[in-house]
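Asks: Got a structure for you, questions after.
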Amino acid sequence: TSSTYSELHPSVLSLIKKTIETCKQFGVKTSICGEGPTNLPELVEKLVEFGISSISVDLDAVERVRTAVLRTERRMLLERVRKGANQV
């Protein structure tokens, strides 16, 4: 049942990350759908950080998930810019 596991458990996130990394290594696009990304903005953030190709959600969650993706991508971009500026 859903009460016996969490999509945000470090072990689950580690497996998802490894799967995405392996797929990217071999040129395979990765996608996820289901309740996790729909209900957990923290999961969306991790998926974007891991480099997932796409996230499928229910129509009523599209704007919420799109906002979470945009926020995460902006943060990641700013971190890269700051890191680059500190290396100069």
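Residues in the structure tokens are numbered from 1 in each chain, the chains being A, B, ... in the order shown, and ligands are numbered from 1 in the order shown.
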So which residues touch Thr38 of chain A within 9 Å, counting only C-alpha atoms, skipping near sequence neighbours fewer than 3 positions away, as a ChimeraX atom specification?
Replies: /A:33-35,41,44,56-58,60-62,64-65
Asks: Calculated over only C-alpha atoms, which of the candidates A:Lys29, A:Ile55, A:Ser11, A:Asn39 has the smallest distance to Val69 of chain A?
Replies: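 Answer, going by the shortest atom-to-atom distance: A:Ile55.
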Asks: Which residue, A:Ala68, A:Cys23, A:Leu15, A:Ala85, has the smallest gap to Gly51 of chain A when you use only C-alpha atoms?
Replies: A:Cys23
Asks: Have a look at atom CA of Thr67 of chain A and atom CA of Glu45 of chain A and let me know their distance in Å, one decimal.
Replies: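 Between atom CA of Thr67 of chain A and atom CA of Glu45 of chain A the gap works out to 10.4 Å.
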Asks: Using only C-alpha atoms, pick whichever of A:Val48, A:Leu43, A:Met76, A:Leu70 has the shortest atom-to-atom distance to Pro10 of chain A.
Replies: A:Leu43
Asks: Can you tell me which residues surround Ser14 of chain A at a distance of at most 12 Å, considering only C-alpha atoms, apart from same-chain residues fewer than 5 positions away, and format the answer as number ranges by chain?
Replies: A: 7-9, 19-21, 46-47, 50
Asks: When you draw a straight line from atom CA of Ser31 of chain A to atom CA of Lys18 of chain A, how long is it in Å?
Replies: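 Computing the Euclidean distance for atom CA of Ser31 of chain A and atom CA of Lys18 of chain A yields 13.7 Å.
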Asks: Run DSSP on the backbone and grab whatever in chain A lands in alpha helix (DSSP H); send it over as a PyMOL selection string.
Replies: chain A and resi 10-25+35-39+41-50+62-86
Asks: When you count only C-alpha atoms, which of these residues is closest to Ser53 of chain A: A:Thr72, A:Thr30, A:Gln87, A:Thr22?
Replies: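 Comparing A:Thr72, A:Thr30, A:Gln87, A:Thr22 against Ser53 of chain A, the winner is A:Thr30.
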Asks: Could you pull out the strand (DSSP E or B) residues of segment 32-61 of chain A from DSSP and send them as a PyMOL selection string?
Replies: chain A and resi 32-33+54-56
Asks: Once you have the residues from the selection above, write them out as a PDB file, in the first residue's frame, restricted to C-alpha atoms.
Replies:
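Generated file (again_24.pdb):
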```pdb
ATOM      1  CA  ILE A  32       7.575   9.184 -15.416  1.00  0.00           C
ATOM      2  CA  CYS A  33       3.866   9.408 -14.766  1.00  0.00           C
ATOM      3  CA  SER A  54       9.570  14.273 -19.345  1.00  0.00           C
ATOM      4  CA  ILE A  55       6.976  14.107 -16.615  1.00  0.00           C
ATOM      5  CA  SER A  56       3.368  13.136 -17.286  1.00  0.00           C
TER       6      SER A  56
END
```
Asks: Of the candidates A:Gly27, A:Glu42, A:Ile52, A:Gly36, which shows the shortest atom-to-atom distance to Tyr5 of chain A, using only C-alpha atoms?
Replies: A:Gly36
